[in-house]
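Peer 1: Dropping a structure here in C-alpha cells format, bear with me for questions.
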Amino acid sequence: MNPHPEDELLRRQRERARLMAWLLGAFVILLFLITLAKIGINR
Amino acid sequence: MTSAAAESVHLADWRDLVALTKPRVMSLVVFTGLCGLLAAPVSIPFILGFTAILCIALGAGAAGALNQWYEHDLDAKMRRTANRPLPAKRMDRQTALHFGVGLSVFSVILMELATNYLAAILLAASILFYVLIYTVWLKRRTAQNIVIGGAAGAFPPLIGWVAATGSIDLLPVLLFAIIFLWTPPHFWALSLFVRSDYANANVPMLPVVAGIRNTRSQILVYSVILVVSAMAPFALGLTGLIYGISAAVLNTIFLILAAAVWANTSEDVSGMKPERRLFAFSILYLFGLFAAVVVDRWVTL
C-alpha cells in the first residue's frame with residue numbers, strides 16, 4: 001500500500017489535468033478543421 | 001486517514017478510464033465502421049471521415065463504460081472480468097456512470113456536427129441498444145441475449161456508410177446483417193469454453209441453459225445462415241469478384257470449423273480445441289470479409 005496517499009492523489013490529479021489539457025487542445029483543433037472542411041463542402 | 005487520502009481511493013487513474021472503454025472490443029468496431037465509410041460510393045473530406053470514426057469509437061467506448069457500470073457485480077464473479085476497474089475497486093461507480101453518459105452525449109453531438117443527423121441518430125441508437133436492450137434487459141434474462149444483443153455491435157458499418165452518404169442503402173444493411181449473424185457463433189464458441197464463469201455468475205448463456213450439445217448445433221445452424229448472408233452482397237451484384245472469392249474462401253473455412261465444433265463430443269474444457277479455433281478464426285473472418293468489401297470497392301479486376 002502507498003505510504004503517502006496524498007502524494008498519490010496529487011500525482012493522479014496532475015496526470016488527469018495534463019491529459020485533459022491535451023484533449024481540450026486537440027478538440028479545439030478538431031473543431032477548427034471540421035469548420036474548414038464544412039466551409040469547403042458548401043462552397 | 002486524511003480526507004485527501006480517503007479521496008484518493010475514488011480518484012480514478014486515467015488508465016482505468018481508458019480500460020472502461022474496452023479498447024480491444026473497440027478495435028473491431030472501429031475497423032468495421034471504417035470499412036462502412038470506405039465502401040460508400042461517395043467520399044467525404046478526410047477530417048470529417050476521421051471524426052466520424054472517432055465518434056463511433058467514442059460511442060462504443062461509452063457503451064462499454066456504461067455496461068461495466070451496470071454489470072460491476074457480475075464482473076466481480078467472473079475470472080475473465082474480475083480485474084476490471086470497478087470489480088477491482090480501483091474506481092467508484094459514479095465516476096464510471098458520469099464518464100459513460102458524458103462520452104455518449106459528446107460522441108453523438110460531435111457526429112452530428114461533423115457529418116449528419118442520421119449518422120448521429122444511428123450512433124445514439126447503437127449506444128442505447130447496447131446499454132438498455134442488451135445489458136439491462138436481455139443479458140441476465142434470456143439465452144437469446146447474444147442473438148438480439150448482437151445488433152448493437154452490427155451498427156458501426158451502417159453508421160460509417162451513413163456518415164459518408166447521408167442515407168441507408170442495401171449494402172450497409174447486409175453488412176449489418178453479417179455482423180448480427182456472426183455474433184451468436186462467435187460468442188457461443190467462447191461461452192462453451194468459459195461456461196463455468198457464466199454459470200457461476202448466473203448469466204443464462206446458451207451452454208448454461210440449453211446444454212453443450214444444443215449450443216454446438218445452434219452454432220452450426222447460425223454459421224450456415226451467416227455464410228449465406230455473407231455471399232449475398234456478391235450474389236446481388238453489390239460487390240465484385242474480389243469480395244466474392246474472399247467471402248467464398250472465408251465462408252468455407254468458417255463452415256469447416258463450425259462443423260468441427262458440431263462434431264466435437266468433449267464436455268471438458270481441455271477438449272474444446274475446435275471451439276477455441278472457431279472463436280479465434282471468427283475474428284479473423286470478420287476482419288477479412290470487411291477488408292474485402294473495401295478492397296473490392298477501390299480495386300477493379
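Each chain of the C-alpha cells is named A, B, ... in the order shown, its residues numbered from 1; ligands are numbered from 1 in display order.
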Segment 38-41 of chain A: which residues within 9 Å, counting only C-alpha atoms, same-chain residues fewer than 3 positions away excluded, as an MDAnalysis selection string?

Peer 2: (chainID A and resid 33:35) or (chainID B and resid 44:45 48 114)

Peer 1: Set the cut-off to 10 Å and count only C-alpha atoms: what are the residues of chain A that reach chain B? Output as a CSV table (one decimal) with C-alpha atoms, in the first residue's frame.

Peer 2:
```
chain,number,residue,atom,x,y,z
A,4,HIS,CA,1.8,8.6,1.2
A,5,PRO,CA,-1.8,8.6,-0.2
A,6,GLU,CA,-1.8,12.4,-0.5
A,7,ASP,CA,1.2,12.2,-2.9
A,8,GLU,CA,-0.7,9.5,-5.0
A,9,LEU,CA,-3.8,11.7,-5.1
A,10,LEU,CA,-1.7,14.7,-6.3
A,11,ARG,CA,0.0,12.6,-8.9
A,12,ARG,CA,-3.3,11.3,-10.3
A,13,GLN,CA,-4.8,14.8,-10.2
A,15,GLU,CA,-1.8,13.4,-14.7
A,16,ARG,CA,-5.5,13.8,-15.3
A,17,ALA,CA,-5.3,17.6,-15.6
A,19,LEU,CA,-4.3,14.8,-20.2
A,20,MET,CA,-7.5,16.9,-20.1
A,30,LEU,CA,-10.5,19.3,-34.5
A,31,LEU,CA,-13.5,21.7,-34.4
A,33,LEU,CA,-10.6,21.6,-39.1
A,34,ILE,CA,-14.2,20.4,-39.2
A,35,THR,CA,-15.3,24.0,-39.8
A,36,LEU,CA,-12.8,24.4,-42.6
A,37,ALA,CA,-13.9,21.2,-44.2
A,38,LYS,CA,-17.6,22.2,-43.9
A,40,GLY,CA,-15.1,23.8,-48.3
A,41,ILE,CA,-18.0,21.5,-49.0
```

Peer 1: With only C-alpha atoms as the atoms that count, which of B:Trp188, B:Phe281, B:Trp262, B:Phe234 lies nearest to Leu250 of chain B?

Peer 2: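 Comparing B:Trp188, B:Phe281, B:Trp262, B:Phe234 against Leu250 of chain B, the winner is B:Phe281.
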
Peer 1: Using DSSP secondary structure from the backbone, list all alpha helix (DSSP H) positions within segment 78-206 of chain B, as number ranges by chain.

Peer 2: B: 93-114, 117-128, 145-165, 170-193, 195-200, 206

Peer 1: Only C-alpha atoms, please: the residues just picked out, written as an mmCIF file, in the first residue's frame.

Peer 2:
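again_20.cif, freshly written:
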```cif
data_model
loop_
_atom_site.group_PDB
_atom_site.id
_atom_site.type_symbol
_atom_site.label_atom_id
_atom_site.label_comp_id
_atom_site.auth_asym_id
_atom_site.auth_seq_id
_atom_site.Cartn_x
_atom_site.Cartn_y
_atom_site.Cartn_z
ATOM 1 C CA ARG B 93 -19.391 3.524 -9.829
ATOM 2 C CA GLN B 94 -20.411 7.161 -10.077
ATOM 3 C CA THR B 95 -17.226 8.026 -11.981
ATOM 4 C CA ALA B 96 -17.967 5.237 -14.466
ATOM 5 C CA LEU B 97 -21.571 6.420 -14.904
ATOM 6 C CA HIS B 98 -20.593 10.070 -15.424
ATOM 7 C CA PHE B 99 -17.809 9.079 -17.793
ATOM 8 C CA GLY B 100 -20.121 6.798 -19.839
ATOM 9 C CA VAL B 101 -23.008 9.258 -20.102
ATOM 10 C CA GLY B 102 -20.692 12.194 -20.837
ATOM 11 C CA LEU B 103 -18.825 10.309 -23.540
ATOM 12 C CA SER B 104 -22.108 9.120 -25.113
ATOM 13 C CA VAL B 105 -23.535 12.634 -25.374
ATOM 14 C CA PHE B 106 -20.224 14.048 -26.613
ATOM 15 C CA SER B 107 -19.823 11.405 -29.355
ATOM 16 C CA VAL B 108 -23.386 11.862 -30.662
ATOM 17 C CA ILE B 109 -23.180 15.683 -30.742
ATOM 18 C CA LEU B 110 -19.770 15.607 -32.428
ATOM 19 C CA MET B 111 -21.064 13.112 -35.008
ATOM 20 C CA GLU B 112 -23.930 15.459 -35.880
ATOM 21 C CA LEU B 113 -21.586 18.443 -36.136
ATOM 22 C CA ALA B 114 -19.133 16.632 -38.390
ATOM 23 C CA TYR B 117 -28.358 13.834 -38.265
ATOM 24 C CA LEU B 118 -28.996 10.279 -39.448
ATOM 25 C CA ALA B 119 -25.493 9.097 -38.514
ATOM 26 C CA ALA B 120 -25.839 10.758 -35.095
ATOM 27 C CA ILE B 121 -29.246 9.130 -34.524
ATOM 28 C CA LEU B 122 -27.870 5.711 -35.502
ATOM 29 C CA LEU B 123 -24.908 6.198 -33.147
ATOM 30 C CA ALA B 124 -27.254 7.138 -30.300
ATOM 31 C CA ALA B 125 -29.458 4.133 -31.124
ATOM 32 C CA SER B 126 -26.469 1.764 -31.056
ATOM 33 C CA ILE B 127 -25.362 3.040 -27.622
ATOM 34 C CA LEU B 128 -28.901 2.840 -26.211
ATOM 35 C CA ASN B 145 -29.199 -12.344 -25.172
ATOM 36 C CA ILE B 146 -26.384 -12.660 -27.684
ATOM 37 C CA VAL B 147 -28.699 -13.180 -30.664
ATOM 38 C CA ILE B 148 -30.703 -9.982 -30.188
ATOM 39 C CA GLY B 149 -27.918 -8.051 -28.472
ATOM 40 C CA GLY B 150 -25.673 -8.717 -31.449
ATOM 41 C CA ALA B 151 -27.483 -5.911 -33.259
ATOM 42 C CA ALA B 152 -25.641 -3.369 -31.082
ATOM 43 C CA GLY B 153 -22.277 -4.438 -32.469
ATOM 44 C CA ALA B 154 -23.644 -4.510 -36.017
ATOM 45 C CA PHE B 155 -24.283 -0.767 -36.230
ATOM 46 C CA PRO B 156 -20.737 0.568 -36.986
ATOM 47 C CA PRO B 157 -20.546 -0.218 -40.753
ATOM 48 C CA LEU B 158 -24.032 1.217 -41.171
ATOM 49 C CA ILE B 159 -23.052 4.379 -39.277
ATOM 50 C CA GLY B 160 -19.829 4.691 -41.288
ATOM 51 C CA TRP B 161 -21.742 4.411 -44.561
ATOM 52 C CA VAL B 162 -24.440 6.886 -43.474
ATOM 53 C CA ALA B 163 -21.774 9.346 -42.246
ATOM 54 C CA ALA B 164 -20.432 9.423 -45.814
ATOM 55 C CA THR B 165 -23.680 9.274 -47.815
ATOM 56 C CA LEU B 170 -28.890 -2.251 -49.212
ATOM 57 C CA LEU B 171 -25.132 -2.973 -48.932
ATOM 58 C CA PRO B 172 -24.644 -1.454 -45.444
ATOM 59 C CA VAL B 173 -27.828 -3.215 -44.305
ATOM 60 C CA LEU B 174 -26.280 -6.501 -45.472
ATOM 61 C CA LEU B 175 -23.048 -5.623 -43.643
ATOM 62 C CA PHE B 176 -25.191 -5.014 -40.559
ATOM 63 C CA ALA B 177 -26.821 -8.442 -41.058
ATOM 64 C CA ILE B 178 -23.434 -10.159 -41.417
ATOM 65 C CA ILE B 179 -22.200 -8.895 -38.021
ATOM 66 C CA PHE B 180 -25.615 -9.590 -36.483
ATOM 67 C CA LEU B 181 -25.487 -13.226 -37.645
ATOM 68 C CA TRP B 182 -21.765 -13.593 -36.891
ATOM 69 C CA THR B 183 -22.206 -12.668 -33.222
ATOM 70 C CA PRO B 184 -24.003 -15.844 -31.986
ATOM 71 C CA PRO B 185 -21.473 -18.427 -33.283
ATOM 72 C CA HIS B 186 -18.613 -16.166 -32.191
ATOM 73 C CA PHE B 187 -19.845 -15.714 -28.610
ATOM 74 C CA TRP B 188 -21.304 -19.197 -28.198
ATOM 75 C CA ALA B 189 -17.914 -20.690 -29.160
ATOM 76 C CA LEU B 190 -16.370 -18.539 -26.408
ATOM 77 C CA SER B 191 -19.121 -19.315 -23.923
ATOM 78 C CA LEU B 192 -18.573 -23.053 -24.376
ATOM 79 C CA PHE B 193 -15.037 -22.943 -23.006
ATOM 80 C CA ARG B 195 -19.219 -21.620 -19.408
ATOM 81 C CA SER B 196 -18.329 -22.219 -15.741
ATOM 82 C CA ASP B 197 -17.684 -18.472 -15.442
ATOM 83 C CA TYR B 198 -21.140 -17.678 -16.832
ATOM 84 C CA ALA B 199 -22.756 -20.382 -14.681
ATOM 85 C CA ASN B 200 -21.097 -19.006 -11.522
ATOM 86 C CA LEU B 206 -26.890 -20.887 -24.119
#
```

Peer 1: My list of candidates is B:Phe287, B:Asn214, B:Leu255, B:Ala40. Which is closest to Leu226 of chain B when distances are computed with only C-alpha atoms?

Peer 2: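 That would be B:Leu255, the residue with the smallest distance to Leu226 of chain B.
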
Peer 1: Could you work out how far atom CA of Ala143 of chain B lies from atom CA of Met231 of chain B, giving the answer in Å with one decimal?

Peer 2: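 Taking atom CA of Met231 of chain B and atom CA of Ala143 of chain B, their separation equals 27.8 Å.
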
Peer 1: Record the distance separating atom CA of Gly64 of chain B and atom CA of Val18 of chain B, expressed in Å with one decimal.

Peer 2: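 It comes out at 10.4 Å.
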
Peer 1: Give me the residues within 12 Å of Arg24 of chain B as an NGL selection string, counting only C-alpha atoms and dropping any in the same chain fewer than 4 places off.

Peer 2: :B and (18-20 or 28-31 or 57 or 60-61 or 64 or 283)

Peer 1: Go ahead and write the residues just picked, N, CA and C atoms, as a tab-separated table (two decimals), in the first residue's frame.

Peer 2:
```
chain	number	residue	atom	x	y	z
B	18	VAL	N	-9.58	4.59	-19.45
B	18	VAL	CA	-9.40	4.02	-20.78
B	18	VAL	C	-9.85	2.56	-20.78
B	19	ALA	N	-9.46	1.82	-19.73
B	19	ALA	CA	-9.84	0.40	-19.63
B	19	ALA	C	-11.35	0.22	-19.61
B	20	LEU	N	-12.05	1.21	-19.09
B	20	LEU	CA	-13.51	1.17	-19.00
B	20	LEU	C	-14.16	1.13	-20.39
B	28	LEU	N	-12.38	-3.78	-33.28
B	28	LEU	CA	-13.26	-4.38	-34.29
B	28	LEU	C	-14.35	-3.39	-34.71
B	29	VAL	N	-14.86	-2.64	-33.75
B	29	VAL	CA	-15.89	-1.64	-34.02
B	29	VAL	C	-15.34	-0.56	-34.96
B	30	VAL	N	-14.13	-0.08	-34.65
B	30	VAL	CA	-13.51	0.96	-35.47
B	30	VAL	C	-13.26	0.43	-36.88
B	31	PHE	N	-12.77	-0.79	-36.96
B	31	PHE	CA	-12.45	-1.36	-38.26
B	31	PHE	C	-13.70	-1.51	-39.14
B	57	ALA	N	-15.90	5.21	-32.34
B	57	ALA	CA	-15.04	4.63	-31.29
B	57	ALA	C	-15.44	5.15	-29.91
B	60	ALA	N	-18.74	3.60	-28.85
B	60	ALA	CA	-18.54	2.21	-28.41
B	60	ALA	C	-17.90	2.19	-27.03
B	61	GLY	N	-16.93	3.09	-26.82
B	61	GLY	CA	-16.27	3.17	-25.51
B	61	GLY	C	-17.25	3.57	-24.42
B	64	GLY	N	-19.40	0.68	-23.59
B	64	GLY	CA	-18.62	-0.26	-22.78
B	64	GLY	C	-18.53	0.20	-21.33
B	283	ILE	N	-12.86	-14.01	-35.54
B	283	ILE	CA	-12.39	-12.61	-35.51
B	283	ILE	C	-11.68	-12.29	-36.83
```

Peer 1: Please indicate the distance in Å from atom CA of Asn67 of chain B to atom CA of Thr81 of chain B, rounded to one decimal place.

Peer 2: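 Spanning atom CA of Asn67 of chain B to atom CA of Thr81 of chain B is a straight-line distance of 12.1 Å.
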